[in-house]
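Listing of entry21.cif, mmCIF, C-alpha atoms
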```cif
data_target
#
loop_
_atom_site.label_atom_id
_atom_site.label_comp_id
_atom_site.auth_asym_id
_atom_site.auth_seq_id
_atom_site.Cartn_x
_atom_site.Cartn_y
_atom_site.Cartn_z
CA MET A 21 -10.58 24.89 -15.42
CA THR A 22 -13.48 23.24 -13.62
CA THR A 23 -14.33 19.57 -13.49
CA SER A 24 -17.93 19.46 -14.61
CA GLN A 25 -16.93 16.98 -17.33
CA PRO A 26 -15.16 13.78 -16.21
CA GLN A 27 -12.24 12.67 -18.33
CA GLN A 28 -11.03 9.33 -19.58
CA VAL A 29 -8.15 8.17 -21.70
CA SER A 30 -6.62 4.96 -22.96
CA THR A 31 -3.30 4.68 -24.74
CA THR A 32 -4.49 1.50 -26.51
CA PRO A 33 -7.81 0.50 -28.10
CA MET A 34 -10.32 0.33 -25.30
CA VAL A 35 -11.26 -3.21 -24.41
CA VAL A 36 -12.25 -2.50 -20.81
CA SER A 37 -15.97 -3.23 -20.57
CA PRO A 38 -17.97 -0.05 -21.28
CA LYS A 39 -20.45 -1.12 -18.61
CA ARG A 40 -17.62 -1.31 -16.08
CA VAL A 41 -16.32 2.10 -17.14
CA GLU A 42 -19.76 3.66 -16.73
CA ARG A 43 -20.23 2.13 -13.28
CA ILE A 44 -16.86 3.34 -12.02
CA GLN A 45 -17.33 6.84 -13.44
CA ASP A 46 -20.62 7.03 -11.52
CA ASP A 47 -18.86 5.81 -8.38
CA ILE A 48 -16.06 8.37 -8.48
CA ASP A 49 -18.44 11.19 -9.37
CA ARG A 50 -20.46 10.22 -6.30
CA LEU A 51 -17.33 10.39 -4.12
CA VAL A 52 -16.66 13.92 -5.33
CA ARG A 53 -20.26 15.00 -4.74
CA ALA A 54 -19.87 13.68 -1.19
CA GLY A 55 -16.93 16.03 -0.63
CA THR A 56 -13.83 14.22 -1.85
CA THR A 57 -11.33 16.57 -3.50
CA GLY A 58 -10.49 14.36 -6.46
CA VAL A 59 -10.36 10.74 -7.59
CA ILE A 60 -8.31 8.76 -10.09
CA ALA A 61 -9.69 5.36 -11.13
CA THR A 62 -7.52 3.00 -13.16
CA LEU A 63 -9.12 -0.13 -14.63
CA THR A 64 -7.24 -2.99 -16.28
CA GLU A 65 -8.87 -5.79 -18.25
CA ASN A 66 -7.48 -8.16 -20.89
CA GLY A 67 -4.10 -6.47 -20.59
CA ARG A 68 -5.49 -3.03 -21.45
CA THR A 69 -5.84 -0.08 -19.08
CA ILE A 70 -8.14 2.93 -18.95
CA THR A 71 -8.02 5.88 -16.55
CA LEU A 72 -10.99 7.92 -15.32
CA THR A 73 -10.94 11.04 -13.15
CA ALA A 74 -13.35 13.25 -11.24
CA GLY A 75 -12.88 16.28 -9.00
CA VAL A 76 -9.80 18.46 -8.78
CA GLY A 77 -6.12 17.97 -8.17
CA ASP A 78 -5.64 21.44 -6.71
CA ARG A 79 -8.20 23.11 -4.46
CA THR A 80 -6.67 26.55 -4.97
CA GLY A 81 -6.69 26.61 -8.77
CA ARG A 82 -9.61 24.16 -9.12
CA THR A 83 -7.62 22.32 -11.76
CA ALA A 84 -8.99 19.03 -13.04
CA ILE A 85 -6.90 15.93 -12.49
CA PRO A 86 -5.41 15.05 -15.89
CA VAL A 87 -5.52 11.48 -17.10
CA ALA A 88 -2.33 11.67 -19.12
CA PRO A 89 0.41 11.32 -18.20
CA PRO A 90 -0.43 8.93 -15.33
CA GLN A 91 -0.50 10.82 -12.04
CA GLN A 92 1.70 9.76 -9.16
CA VAL A 93 0.19 9.44 -5.67
CA ARG A 94 1.44 8.34 -2.28
CA VAL A 95 0.09 4.81 -1.92
CA GLY A 96 0.60 4.41 1.83
CA SER A 97 0.27 0.86 3.09
CA ILE A 98 0.09 -0.67 -0.37
CA SER A 99 3.85 -0.44 0.15
CA LYS A 100 3.45 -3.42 2.48
CA THR A 101 2.55 -5.79 -0.35
CA PHE A 102 5.76 -4.80 -2.16
CA ALA A 103 7.76 -5.41 1.02
CA ALA A 104 6.11 -8.80 1.52
CA ALA A 105 6.91 -9.76 -2.08
CA LEU A 106 10.59 -8.99 -1.45
CA ILE A 107 10.56 -11.07 1.73
CA MET A 108 8.96 -13.98 -0.15
CA GLN A 109 11.59 -13.80 -2.89
CA LEU A 110 14.28 -14.07 -0.21
CA VAL A 111 12.39 -16.98 1.37
CA SER A 112 12.40 -18.76 -2.00
CA GLU A 113 16.19 -18.33 -2.12
CA GLY A 114 16.63 -19.77 1.38
CA ARG A 115 17.94 -16.47 2.77
CA LEU A 116 14.97 -16.00 5.12
CA ARG A 117 12.65 -18.48 6.82
CA LEU A 118 9.08 -17.52 7.64
CA ASP A 119 8.94 -19.34 10.95
CA GLU A 120 12.36 -18.21 12.17
CA PRO A 121 12.44 -15.66 15.02
CA ILE A 122 13.29 -12.07 14.12
CA ASP A 123 16.16 -12.28 16.61
CA SER A 124 17.93 -14.75 14.33
CA TYR A 125 18.39 -11.98 11.77
CA LEU A 126 18.28 -8.80 13.88
CA PRO A 127 19.64 -9.96 17.24
CA GLY A 128 18.72 -7.85 20.23
CA LEU A 129 16.66 -5.33 18.24
CA LEU A 130 13.26 -6.26 19.69
CA ASN A 131 13.67 -6.00 23.42
CA GLY A 132 11.04 -4.07 25.36
CA ASP A 133 7.99 -4.20 27.60
CA GLY A 134 6.46 -7.55 26.65
CA VAL A 135 8.48 -7.57 23.41
CA ASP A 136 11.09 -10.25 22.72
CA GLY A 137 12.46 -10.81 19.22
CA ARG A 138 13.17 -14.43 20.11
CA ASN A 139 9.40 -15.06 20.24
CA ILE A 140 8.27 -13.16 17.12
CA THR A 141 8.61 -14.81 13.72
CA VAL A 142 8.96 -13.37 10.22
CA ARG A 143 5.55 -14.84 9.35
CA GLN A 144 3.91 -13.08 12.31
CA ILE A 145 5.16 -9.65 11.27
CA LEU A 146 3.88 -10.16 7.71
CA GLN A 147 0.51 -11.31 9.10
CA HIS A 148 0.22 -8.42 11.60
CA ARG A 149 0.10 -10.98 14.40
CA SER A 150 3.33 -10.02 16.19
CA GLY A 151 1.81 -7.95 19.00
CA LEU A 152 4.41 -5.22 18.48
CA PRO A 153 3.45 -1.69 19.59
CA GLU A 154 2.23 0.71 16.89
CA MET A 155 4.95 3.22 16.07
CA SER A 156 2.71 5.68 14.21
CA LYS A 157 0.71 6.46 17.36
CA ASP A 158 3.76 8.22 18.79
CA PRO A 159 3.51 11.97 18.04
CA GLU A 160 7.23 12.09 17.29
CA LEU A 161 6.62 10.10 14.10
CA ASP A 162 4.38 12.62 12.32
CA VAL A 163 5.13 12.68 8.57
CA VAL A 164 3.89 16.25 8.06
CA LYS A 165 5.67 17.73 11.05
CA ALA A 166 8.89 15.88 10.25
CA ALA A 167 8.87 17.41 6.74
CA ALA A 168 8.24 20.90 8.13
CA ASP A 169 11.07 20.46 10.65
CA GLY A 170 13.46 18.97 8.10
CA ARG A 171 13.84 15.88 10.26
CA THR A 172 14.50 12.35 8.99
CA PHE A 173 14.45 8.99 10.76
CA THR A 174 16.32 5.72 10.42
CA PRO A 175 14.40 2.45 10.76
CA ALA A 176 16.31 1.65 13.97
CA GLN A 177 15.25 5.00 15.45
CA GLU A 178 11.64 4.22 14.63
CA ILE A 179 11.79 0.82 16.25
CA ALA A 180 13.26 2.49 19.34
CA VAL A 181 10.33 4.94 19.39
CA ALA A 182 7.84 2.07 19.04
CA LEU A 183 9.47 0.16 21.90
CA ARG A 184 8.79 3.02 24.31
CA HIS A 185 5.34 1.46 24.38
CA PRO A 186 4.36 -2.01 25.61
CA ALA A 187 3.45 -4.97 23.44
CA GLN A 188 -0.18 -5.02 22.36
CA PHE A 189 -0.55 -8.79 22.93
CA SER A 190 1.44 -12.02 22.87
CA PRO A 191 2.84 -13.03 19.45
CA GLY A 192 0.36 -15.03 17.38
CA GLU A 193 -2.57 -14.29 19.67
CA ARG A 194 -4.60 -12.26 17.15
CA PHE A 195 -4.54 -9.85 14.21
CA LYS A 196 -3.76 -6.17 14.79
CA TYR A 197 -2.74 -3.97 11.90
CA THR A 198 0.60 -2.43 12.94
CA ASN A 199 2.99 -0.38 10.82
CA THR A 200 5.96 -1.35 12.98
CA ASN A 201 5.80 -4.84 11.47
CA PHE A 202 6.70 -3.59 8.02
CA ILE A 203 9.48 -1.31 9.14
CA LEU A 204 10.96 -4.58 10.41
CA ALA A 205 10.27 -6.21 7.03
CA GLY A 206 12.35 -3.52 5.34
CA MET A 207 15.13 -4.00 7.88
CA LEU A 208 15.12 -7.75 7.21
CA VAL A 209 15.50 -7.13 3.48
CA GLU A 210 18.47 -4.84 4.11
CA LYS A 211 20.07 -7.23 6.59
CA VAL A 212 20.05 -10.33 4.39
CA THR A 213 20.91 -8.52 1.13
CA ASP A 214 23.38 -6.04 2.65
CA ARG A 215 21.91 -3.37 0.35
CA PRO A 216 19.57 -0.37 0.77
CA TYR A 217 15.92 -1.35 0.70
CA SER A 218 15.09 1.09 -2.13
CA GLU A 219 17.77 -0.47 -4.35
CA VAL A 220 16.55 -3.99 -3.67
CA LEU A 221 12.98 -2.92 -4.43
CA ALA A 222 14.04 -1.38 -7.74
CA ASP A 223 16.23 -4.30 -8.81
CA ARG A 224 13.84 -7.07 -7.83
CA VAL A 225 10.35 -5.64 -8.41
CA THR A 226 9.88 -2.25 -10.03
CA THR A 227 12.48 -2.45 -12.84
CA PRO A 228 11.87 -6.04 -14.01
CA ASN A 229 8.10 -5.46 -14.00
CA GLN A 230 8.36 -2.12 -15.84
CA LEU A 231 6.90 -0.10 -12.98
CA SER A 232 8.66 3.01 -14.19
CA ALA A 233 6.68 5.50 -12.09
CA THR A 234 7.00 3.55 -8.84
CA TYR A 235 9.74 4.35 -6.33
CA LEU A 236 10.56 4.78 -2.67
CA PRO A 237 11.63 8.39 -1.97
CA GLY A 238 14.83 8.85 -0.04
CA PRO A 239 15.14 10.54 3.36
CA GLY A 240 14.38 14.24 3.01
CA GLU A 241 12.78 13.79 -0.43
CA VAL A 242 9.48 15.38 0.57
CA GLY A 243 8.13 16.03 -2.95
CA PHE A 244 7.32 13.98 -6.05
CA ARG A 245 9.50 13.16 -9.05
CA GLY A 246 6.60 13.22 -11.52
CA PRO A 247 3.17 14.78 -12.18
CA HIS A 248 0.78 14.46 -9.26
CA PRO A 249 -2.28 16.01 -7.63
CA GLN A 250 -1.95 17.92 -4.40
CA GLY A 251 -2.84 15.95 -1.26
CA TYR A 252 -5.19 17.26 1.43
CA THR A 253 -6.22 16.44 4.97
CA LEU A 254 -8.50 18.14 7.46
CA VAL A 255 -6.74 20.41 9.94
CA GLY A 256 -9.10 22.22 12.30
CA GLY A 257 -11.98 21.16 10.06
CA ALA A 258 -10.50 22.74 6.91
CA PRO A 259 -8.88 20.88 3.97
CA THR A 260 -5.15 21.60 4.22
CA ASP A 261 -2.43 20.90 1.66
CA VAL A 262 -0.10 18.21 3.02
CA THR A 263 1.48 17.16 -0.26
CA SER A 264 4.99 17.40 1.23
CA ILE A 265 5.70 14.75 3.86
CA GLU A 266 8.84 13.07 5.20
CA PRO A 267 9.10 9.60 3.58
CA SER A 268 11.66 8.14 5.98
CA VAL A 269 8.93 7.92 8.63
CA ALA A 270 6.66 5.55 6.69
CA TRP A 271 9.56 3.98 4.71
CA SER A 272 8.93 0.33 3.76
CA ALA A 273 5.60 0.35 5.61
CA GLY A 274 4.02 3.18 3.63
CA ALA A 275 6.20 5.67 1.73
CA LEU A 276 5.95 4.25 -1.79
CA ILE A 277 4.91 6.54 -4.67
CA SER A 278 3.21 5.01 -7.71
CA THR A 279 0.47 5.36 -10.33
CA GLY A 280 -2.70 3.40 -10.94
CA THR A 281 -1.22 1.93 -14.10
CA ASP A 282 1.84 0.63 -12.25
CA LEU A 283 -0.15 -0.72 -9.32
CA ASN A 284 -2.53 -2.63 -11.59
CA ARG A 285 0.46 -4.10 -13.41
CA PHE A 286 2.05 -5.08 -10.09
CA PHE A 287 -0.98 -6.87 -8.64
CA THR A 288 -1.77 -8.60 -11.93
CA ALA A 289 1.82 -9.85 -12.20
CA LEU A 290 1.86 -10.89 -8.54
CA LEU A 291 -1.28 -13.04 -8.83
CA ALA A 292 0.01 -14.52 -12.09
CA GLY A 293 3.13 -15.81 -10.31
CA LYS A 294 5.50 -13.50 -12.18
CA ILE A 295 7.00 -11.82 -9.09
CA ILE A 296 7.30 -14.71 -6.65
CA GLY A 297 7.18 -18.44 -7.21
CA ASP A 298 4.09 -20.59 -6.73
CA PRO A 299 4.99 -22.06 -3.30
CA GLN A 300 5.66 -18.59 -1.86
CA LEU A 301 2.57 -17.15 -3.57
CA ARG A 302 0.43 -19.84 -1.95
CA ASP A 303 1.90 -18.88 1.43
CA MET A 304 1.34 -15.18 0.76
CA LEU A 305 -2.31 -15.75 -0.24
CA THR A 306 -3.14 -18.08 2.66
CA MET A 307 -5.69 -15.91 4.41
CA LEU A 308 -6.87 -15.67 7.99
CA PRO A 309 -9.86 -13.57 9.15
CA ARG A 310 -8.94 -10.22 10.66
CA SER A 311 -11.45 -11.01 13.41
CA PRO A 312 -14.03 -13.75 14.01
CA ASP A 313 -16.88 -11.64 12.62
CA SER A 314 -14.96 -10.00 9.75
CA ALA A 315 -15.47 -10.80 6.05
CA SER A 316 -12.05 -9.27 5.38
CA GLU A 317 -9.01 -11.54 5.51
CA TYR A 318 -5.26 -10.99 5.59
CA GLY A 319 -2.37 -13.13 4.40
CA LEU A 320 1.28 -12.06 4.21
CA GLY A 321 1.22 -8.37 3.37
CA ILE A 322 -1.95 -8.64 1.32
CA GLY A 323 -5.67 -8.78 2.07
CA ALA A 324 -8.67 -10.46 0.46
CA ILE A 325 -12.45 -10.19 0.32
CA GLN A 326 -15.14 -12.13 -1.51
CA LEU A 327 -16.90 -9.97 -4.10
CA SER A 328 -20.64 -10.07 -4.74
CA CYS A 329 -20.10 -12.08 -7.95
CA GLY A 330 -18.29 -14.83 -6.04
CA VAL A 331 -14.71 -14.05 -7.12
CA ARG A 332 -11.98 -13.28 -4.64
CA TYR A 333 -10.22 -9.92 -4.66
CA PHE A 334 -6.63 -9.65 -3.44
CA GLY A 335 -5.10 -6.28 -2.69
CA HIS A 336 -4.38 -3.60 -0.14
CA THR A 337 -5.49 -0.17 0.98
CA GLY A 338 -3.22 2.75 1.78
CA ASN A 339 -3.92 5.83 3.85
CA ILE A 340 -1.19 8.41 4.39
CA ALA A 341 -1.33 12.18 4.86
CA GLY A 342 -2.96 13.62 1.73
CA PHE A 343 -3.85 10.40 -0.06
CA THR A 344 -6.10 7.34 0.24
CA THR A 345 -5.70 4.46 -2.21
CA ILE A 346 -7.02 0.96 -2.77
CA SER A 347 -5.50 -1.37 -5.33
CA GLY A 348 -5.69 -5.02 -6.23
CA ALA A 349 -6.76 -7.66 -8.70
CA ILE A 350 -8.57 -10.92 -9.24
CA THR A 351 -7.03 -14.05 -10.73
CA GLN A 352 -9.19 -13.61 -13.84
CA GLY A 353 -6.88 -10.77 -14.93
CA ARG A 354 -8.88 -7.69 -13.98
CA ALA A 355 -7.35 -5.06 -11.71
CA VAL A 356 -8.37 -1.70 -10.25
CA THR A 357 -6.78 1.18 -8.41
CA ILE A 358 -8.80 4.01 -6.86
CA ALA A 359 -6.71 6.93 -5.59
CA ILE A 360 -8.17 9.88 -3.66
CA ASN A 361 -6.16 13.02 -2.92
CA ASP A 362 -7.63 13.28 0.57
CA SER A 363 -6.83 11.48 3.82
CA PRO A 364 -10.14 11.44 5.71
CA ALA A 365 -10.30 10.31 9.32
CA ASP A 366 -12.54 7.42 8.26
CA GLU A 367 -11.43 5.45 5.21
CA PRO A 368 -14.21 5.18 2.60
CA ASN A 369 -15.98 1.84 2.23
CA PHE A 370 -14.67 0.68 -1.13
CA THR A 371 -16.63 -2.60 -1.29
CA ASP A 372 -19.21 -1.38 -3.83
CA VAL A 373 -16.47 0.19 -5.97
CA LEU A 374 -14.54 -3.10 -6.03
CA ASN A 375 -17.67 -4.97 -7.05
CA ASP A 376 -18.37 -2.49 -9.85
CA ALA A 377 -14.77 -2.56 -11.06
CA LEU A 378 -14.06 -6.28 -10.98
CA CYS A 379 -17.35 -8.16 -11.34
CA PRO A 380 -18.73 -8.89 -14.85
#
```
Written as C-alpha cells, that's how I'd like the structure from this file.
Amino acid sequence: MTTSQPQQVSTTPMVVSPKRVERIQDDIDRLVRAGTTGVIATLTENGRTITLTAGVGDRTGRTAIPVAPPQQVRVGSISKTFAAALIMQLVSEGRLRLDEPIDSYLPGLLNGDGVDGRNITVRQILQHRSGLPEMSKDPELDVVKAAADGRTFTPAQEIAVALRHPAQFSPGERFKYTNTNFILAGMLVEKVTDRPYSEVLADRVTTPNQLSATYLPGPGEVGFRGPHPQGYTLVGGAPTDVTSIEPSVAWSAGALISTGTDLNRFFTALLAGKIIGDPQLRDMLTMLPRSPDSASEYGLGIGAIQLSCGVRYFGHTGNIAGFTTISGAITQGRAVTIAINDSPADEPNFTDVLNDALCP
C-alpha cells in the first residue's frame, strides 16, 4: 500500500477547524516530500481530536501509517514534562522543596569534578541550570547498542557514567539542556515515595488522566506494547531501522511511549490545572530565556514560545533513536502533537507547524 492519499480520522464529530486541518495536512505532506519517512499529526480543539498522517510507517513494506487505532511512538524528552509534573505534585505535598539541595534527598550521590550535590537544587535540575555533565554524550550510554547487547542500566549507574566528566558550569550560571538532570528527577521521585518511578507515574498521572496508551517500558523491554510505526535513523547515510532500543538508558529523561491523543490530553489537562495545583503550575510555567538572544524559554520541565498570533505555546520536544516528536498546548484549549518516525541529526524547525496548528 502506498501513501499517495493522506488519511484522517476522528472518533467523534469533527469540530477541529477545517482550515487548521488543511494547513497541517499540507505541513506534514511537505515534511514527507522533504525526505521524512512518516508523520502523525494529532490536533485537539474544543475537546475533540483528529489525527492526520502522511508518509509510511515501514520503509520495507511501504505501508501507510494508519490513523486508527492511535499509533504509539517513543516521545523522548517529552518524558521530562511528566517527570516535572510528578516532582511538582510532591512539592505540593511538602515531600520535596524546589530550593533544597539534591544532597538533602540523595546524600553523596553528586560528587565529582566540579560537581557537588550540596550546591545543586531541585529547581536547578528541572530548569537545566545545574551544570551537571551530559550523560548521553558518553558512548557507553547508547540506546541502540545497549538493546543489541542485551544490556540494561540503573539510574545510579548512569549518574556514575555522567560523573566521569567534569561539570559544565557552576550551578545556576546559565541554561544547558542536560539529560542527566531528569535521571536525577526520577531518582528523587523514587526516593521520596519509596516506589518504582514507573508505578508512581502510572498512579499519579497516566491512570487518573486516562492516558491508557502511555507508559514507561521496563528495563530490557525494547519493543512496544501496542501498534506503532517503525523508527529510523541514518547510519552511514542510509535510513536504518532502530525501532528496538533499551529504555533503561533514557528512563525518566526520555523513555516514555505514548500517542498523540494521550499527549494532547496530558498537556491540555496540565495547563488547565488538573494535574498539579495552581501554585505549582505557576512555578512550572515561570519561564526564563534559554539564552539572551533566544525567543525560546524554559520553565520547570516545560518550554514556551510566543506564536505568531500572540498566544503562548507550552510544550516540549523529544528526539530519541527512531523518533522525533513535539507536543504541547495553549491555554485556550487547543493542543497538537507532531510525531515523525525518523531521528535526524538536526531537529526540524516546528515553529510554522505550531503556528498553523494552534493559531486561529
message: For the provided coordinates, the residues matched by the PyMOL selection byres ((chain A and resi 154-160) around 7) should be stated as an MDAnalysis selection string.
response: chainID A and resid 152:153 161:162 178 181:182 198:200
Which region 203-265 of chain A residues have any atom within 12 Å of an atom of region 60-80 of chain A, and for each, what is the nearest pair of atoms with distance in Å to one decimal, counting only C-alpha atoms, rows sorted by chain and number, as CSV?
```
residue,atom,partner,partner_atom,distance
A:Pro247,CA,A:Gly77,CA,10.6
A:His248,CA,A:Gly77,CA,7.8
A:Pro249,CA,A:Gly77,CA,4.3
A:Gln250,CA,A:Asp78,CA,5.6
A:Gly251,CA,A:Gly77,CA,7.9
A:Tyr252,CA,A:Arg79,CA,8.8
A:Thr253,CA,A:Arg79,CA,11.7
A:Ala258,CA,A:Arg79,CA,11.6
A:Pro259,CA,A:Arg79,CA,8.7
A:Thr260,CA,A:Arg79,CA,9.3
A:Asp261,CA,A:Arg79,CA,8.7
A:Val262,CA,A:Asp78,CA,11.7
A:Thr263,CA,A:Asp78,CA,10.5
```
- request: Could you please give me, as number ranges by chain, the residues of protein, DNA or RNA lying at most 7 Å from (3.1, -4.5, 5.4) in the coordinate frame of the file, considering all atoms listed in the file?
  value: A: 97, 99-101, 103-104, 146, 199, 201-202, 273, 321
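Closest to Lys294 (chain A) among A:Ala105, A:Ile340, A:Ala166, A:Ala324 is A:Ala105, based on all atoms listed in the file.
The space between CA of Val163 (chain A) and CA of Gln91 (chain A) spans 21.4 Å.
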message: As an exercise, work out the distance from CA of Glu193 (chain A) to CA of Gly274 (chain A) in Å and give it to one decimal place.
response: 24.6 Å
- prompt: Between CA of Val331 (chain A) and CA of Leu276 (chain A), what is the distance, to one decimal in Å?
  reply: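 Going from CA of Val331 (chain A) over to CA of Leu276 (chain A) covers 28.1 Å.
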